[in-house]
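Peer 1: Take this structure first; my questions come after.
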Amino acid sequence: MNVVKTIGEMREQLRRRIREGSAAGEHPVSVGFVPTMGYLHEGHASLLRRARAENDVVVLSVFVNPTQFGPNEDFDRYPRDEARDVQIAREHGVDFVFMPTVAEMYPEKPTVQVTVSGGLTDKLCGKSRPGHFDGVATVVTKLFQIVKPHRAYFGMKDAQQVAVIRKMCADLNIDVEIVPCPTVREPDGLALSSRNVYLSPEERRQALVLYRALEKAGDWLRLPGMTLEELRERVAAEIRTAPLAVIDYVELVTFPSLLPADRLITGDTGDTELLLALAVKFGATRLIDNRLFSKEEWQTLKQE
Ligand code: AMP
């Protein structure tokens with residue numbers, strides 16, 4: 001396994017690996033890519049396993065991207081442990097770990113960037129974190145240009161990110177297959193996140209309310225006469241039973257277009273899935289989680 005710090009070296013090593021693979025009759029050499037901000041956990045590991053199973057070459061990037069953090073967000077204190085990340089990468093059969101510095105990725109303030117406008121980012125995390133998805137879309141575009149993957153693996157825990165990256169690839173004709181992967185949870189249901197280390201023991205205990213609310217939503221959805229608004233209200237009320245929880249948003253939208261959820265019921269969208277998405281603060285730590293419901297699950301909902 002190679003740990004690579006510069007863009008030039010990353011390109012050169014990948015070129016060489018693909019040339020060697022082709023010479024050895026490995027046709028065509030497929031590259032699977034897992035972009036992360038590091039401090040790896042089992043969620044990241046699940047993406048690495050999937051990438052390893054489906055590709056000849058696996059590239060992991062570890063880069064805490066400053067441009068996707070707002071001015072009052074946690075860029076400086078975001079957890080980092082490069083040595084441990086390298087170890088986990090090795091255990092998962094990664095071929096290349098790309099770990100650039102901020103100066104390597106942004107040698108100067110860029111003039112050209114990717115912006116995500118309209119309905120995909122005026123809600124959920126896009127609304128709470130202005131500019132966040134422009135930062136994500138720009139860095140993912142840059143990483144795609146460096147790694148040139150055939151497939152890229154993203155976690156559904158960040159469902160809006162999956163929707164944005166897919167649409168970006170469609171709109172900009174970026175020829176990368178985006179592979180969404182299921183959310184990995186702790187045994188008690190808490191979605192794994194690098195930010196979970198910020199939680200105090202009491203916050204950690206109360207944070208379970210997110211998973212509990214998502215689970216209960218699945219039951220409430222089936223109640224006769226249930227409406228979208230009542231469902232949303234019940235989920236919010238459930239979260240408020242945790243005294244330390246401060247709701248950022250509880251939203252129901254279609255997936256992957258992220259349209260208002262009533263469009264599912266009126267049939268006014270090509271989407272078939274309903275996304276229940278949550279962002280909740282515990283102290284200074286903002287956690288997100290979500291659940292997707294298929295048409296079979298949401299079709300008993302009543303129009304308001
Ligand atoms: P991050 O390092 O938080 O930027 O995440 C890197 C990738 O890992 C993103 O595609 C995330 O959606 C994914 N990811 C983060 N947490 C989880 C999880 N609990 N389960 C599955 N994927 C995850």
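Note on naming: chains are A, B, ... as they come in the structure tokens, residues start from 1 per chain, ligands start from 1 in the order shown.
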Could you list, as an NGL selection string, all the residues within 10 Å of ligand 1, counting only C-alpha atoms and all ligand atoms?
Peer 2: :A and (34-48 or 60-65 or 136 or 152-162 or 179-186 or 190-195 or 288-289)
Peer 1: Please provide the set of residues having any atom within 12 Å of range 232-239 of chain A, restricted to only C-alpha atoms, with same-chain residues fewer than 3 positions apart removed, written as an NGL selection string.
Peer 2: :A and (206-221 or 226-229 or 242-253 or 261 or 275-282 or 290)
Peer 1: Go through A:Thr285, A:Asn196, A:Gln299, A:Gln68 and flag the residue nearest Ile265 in chain A, using only C-alpha atoms for the distances.
Peer 2: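 Nearest to Ile265 in chain A: A:Gln299.
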Peer 1: List every residue of range 143-262 of chain A that DSSP, applied to the backbone, labels as strand (DSSP E), and write the result as a VMD selection string.
Peer 2: chain A and resid 151 to 155 177 to 181 245 to 255
Peer 1: Go ahead and save the picked residues with C-alpha atoms, as a PDB file, in the first residue's frame.
Peer 2:
```
ATOM      1  CA  ARG A 151     -16.755   4.052  -9.207  1.00  0.00           C
ATOM      2  CA  ALA A 152     -16.988   6.226  -6.093  1.00  0.00           C
ATOM      3  CA  TYR A 153     -18.525   5.095  -2.825  1.00  0.00           C
ATOM      4  CA  PHE A 154     -20.614   7.356  -0.589  1.00  0.00           C
ATOM      5  CA  GLY A 155     -22.562   6.655   2.601  1.00  0.00           C
ATOM      6  CA  GLU A 177     -20.556   5.584 -11.136  1.00  0.00           C
ATOM      7  CA  ILE A 178     -21.786   6.829  -7.756  1.00  0.00           C
ATOM      8  CA  VAL A 179     -22.412   3.892  -5.426  1.00  0.00           C
ATOM      9  CA  PRO A 180     -24.573   4.697  -2.378  1.00  0.00           C
ATOM     10  CA  CYS A 181     -23.874   2.469   0.659  1.00  0.00           C
ATOM     11  CA  ALA A 245     -31.454  17.683  22.024  1.00  0.00           C
ATOM     12  CA  VAL A 246     -31.803  20.915  20.041  1.00  0.00           C
ATOM     13  CA  ILE A 247     -33.458  20.295  16.678  1.00  0.00           C
ATOM     14  CA  ASP A 248     -31.860  21.893  13.636  1.00  0.00           C
ATOM     15  CA  TYR A 249     -34.335  20.260  11.242  1.00  0.00           C
ATOM     16  CA  VAL A 250     -36.757  17.371  10.889  1.00  0.00           C
ATOM     17  CA  GLU A 251     -37.748  17.184   7.231  1.00  0.00           C
ATOM     18  CA  LEU A 252     -39.601  14.871   4.877  1.00  0.00           C
ATOM     19  CA  VAL A 253     -38.630  15.121   1.212  1.00  0.00           C
ATOM     20  CA  THR A 254     -38.594  12.931  -1.877  1.00  0.00           C
ATOM     21  CA  PHE A 255     -35.369  11.118  -2.754  1.00  0.00           C
TER      22      PHE A 255
END
```
Peer 1: I need the residues in range 6-112 of chain A that are helix (DSSP H, G or I) according to DSSP; give them as JSON, numbers by chain.
Peer 2: {"A": [7, 8, 9, 10, 11, 12, 13, 14, 15, 16, 17, 18, 19, 20, 21, 22, 23, 42, 43, 44, 45, 46, 47, 48, 49, 50, 51, 52, 53, 54, 66, 67, 68, 82, 83, 84, 85, 86, 87, 88, 89, 90, 91, 102, 103, 104, 105]}
Peer 1: With only C-alpha atoms as the counted atoms, please give the residues lying no more than 10 Å from Val116 in chain A, apart from itself and same-chain residues fewer than 6 positions off, as number ranges by chain.
Peer 2: A: 122, 126, 131-138, 164-165, 167-168
Peer 1: So what do you get for CA of Leu259 in chain A versus CA of Lys127 in chain A, distance-wise?
Peer 2: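 Distance between the two atoms: 14.0 Å.
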Peer 1: Skipping near chain neighbours, those fewer than 4 positions away, what residues fall within 12 Å of Glu9 in chain A using only C-alpha atoms, listed as a list in words?
Peer 2: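 The contact residues come out as Asn2, Val3, Val4, Lys5, Gln13, Leu14, Arg15, Arg16, Phe96, Val97, Phe98, Met99, Pro100, Glu104, Ile146 and Val147 of chain A.
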Peer 1: Those residues with C-alpha atoms, as a CSV table (one decimal), in the first residue's frame please?
Peer 2:
```
chain,number,residue,atom,x,y,z
A,2,ASN,CA,1.2,3.5,-0.9
A,3,VAL,CA,0.6,6.7,1.1
A,4,VAL,CA,0.7,9.6,-1.3
A,5,LYS,CA,0.8,13.2,-0.4
A,13,GLN,CA,1.4,6.1,-9.3
A,14,LEU,CA,-2.1,5.4,-10.6
A,15,ARG,CA,-0.9,5.7,-14.2
A,16,ARG,CA,1.8,3.2,-13.5
A,96,PHE,CA,-3.4,4.0,-2.4
A,97,VAL,CA,-4.1,6.4,0.5
A,98,PHE,CA,-4.2,10.0,-0.9
A,99,MET,CA,-3.5,12.4,2.0
A,100,PRO,CA,-2.9,15.9,0.6
A,104,GLU,CA,-1.5,21.0,-2.0
A,146,ILE,CA,-6.9,13.5,-9.7
A,147,VAL,CA,-8.0,9.8,-9.1
```
Peer 1: How many Å lie between CA of Val86 in chain A and CA of Met10 in chain A, rounded to one decimal?
Peer 2: 15.8 Å
Peer 1: Which of these, A:Gln87, A:Asn55, A:Gln303, A:Thr115, has the shortest distance to Gly225 in chain A once you count only C-alpha atoms?
Peer 2: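 For Gly225 in chain A, the nearest of the given residues is A:Gln303.
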Peer 1: Between A:Glu203, A:Asp56, A:Asp262, A:Glu230, which residue has the minimum interatomic distance to Val94 in chain A, considering only C-alpha atoms?
Peer 2: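 Of the candidates, the smallest distance to Val94 in chain A is held by A:Asp56.
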Peer 1: Quick check, in Å to one decimal: how far apart do CA of Thr141 in chain A and CA of Thr121 in chain A lie?
Peer 2: 17.2 Å
Peer 1: Which residues are near Val176 in chain A? Cut-off 10 Å, only C-alpha atoms, ignore same chain within fewer than 6 positions. Put them as a list in words.
Peer 2: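 The residues satisfying every condition are Gly32, Phe33, Phe144, Lys148, Pro149, His150, Arg151, Ala152, Arg166, Cys169 and Ala170 of chain A.
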Peer 1: Using only N, CA, C and O atoms, please write the residues we just selected to a file, as a compact mmCIF listing (two decimals), in the first residue's frame.
Peer 2:
```txt
# COMPACT_ATOMS: atom_id res chain seq x y z
N GLY A 32 -11.71 2.01 -7.89
CA GLY A 32 -12.78 2.36 -6.94
C GLY A 32 -12.24 3.37 -5.95
O GLY A 32 -11.11 3.25 -5.48
N PHE A 33 -13.05 4.39 -5.65
CA PHE A 33 -12.57 5.53 -4.86
C PHE A 33 -13.48 5.78 -3.66
O PHE A 33 -14.71 5.80 -3.80
N PHE A 144 -12.00 13.70 -8.09
CA PHE A 144 -12.32 12.85 -9.25
C PHE A 144 -11.32 13.10 -10.39
O PHE A 144 -10.95 12.17 -11.10
N LYS A 148 -9.47 9.90 -11.06
CA LYS A 148 -10.16 9.36 -12.25
C LYS A 148 -10.78 7.98 -11.99
O LYS A 148 -10.50 7.00 -12.69
N PRO A 149 -11.63 7.90 -10.96
CA PRO A 149 -12.20 6.59 -10.61
C PRO A 149 -13.29 6.17 -11.59
O PRO A 149 -13.89 7.00 -12.26
N HIS A 150 -13.52 4.85 -11.65
CA HIS A 150 -14.68 4.34 -12.37
C HIS A 150 -15.90 4.36 -11.47
O HIS A 150 -17.02 4.60 -11.91
N ARG A 151 -15.65 4.06 -10.18
CA ARG A 151 -16.76 4.05 -9.21
C ARG A 151 -16.32 4.83 -7.97
O ARG A 151 -15.15 4.75 -7.57
N ALA A 152 -17.28 5.53 -7.36
CA ALA A 152 -16.99 6.23 -6.09
C ALA A 152 -18.08 5.87 -5.10
O ALA A 152 -19.26 5.81 -5.44
N ARG A 166 -24.60 12.87 -7.22
CA ARG A 166 -25.20 12.23 -8.39
C ARG A 166 -25.65 13.24 -9.43
O ARG A 166 -25.41 13.08 -10.62
N CYS A 169 -22.71 14.83 -11.19
CA CYS A 169 -22.14 13.98 -12.24
C CYS A 169 -23.04 13.98 -13.48
O CYS A 169 -22.54 14.00 -14.61
N ALA A 170 -24.35 14.01 -13.26
CA ALA A 170 -25.27 14.05 -14.41
C ALA A 170 -25.15 15.38 -15.13
O ALA A 170 -24.99 15.43 -16.36
```
Peer 1: Give the answer as one residue: which of A:Asn173, A:Ser257, A:Thr67, A:Asn72 has the shortest atom-to-atom distance to Lys123 in chain A, using only C-alpha atoms?
Peer 2: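 Of A:Asn173, A:Ser257, A:Thr67, A:Asn72, the one nearest Lys123 in chain A is A:Ser257, counting only C-alpha atoms.
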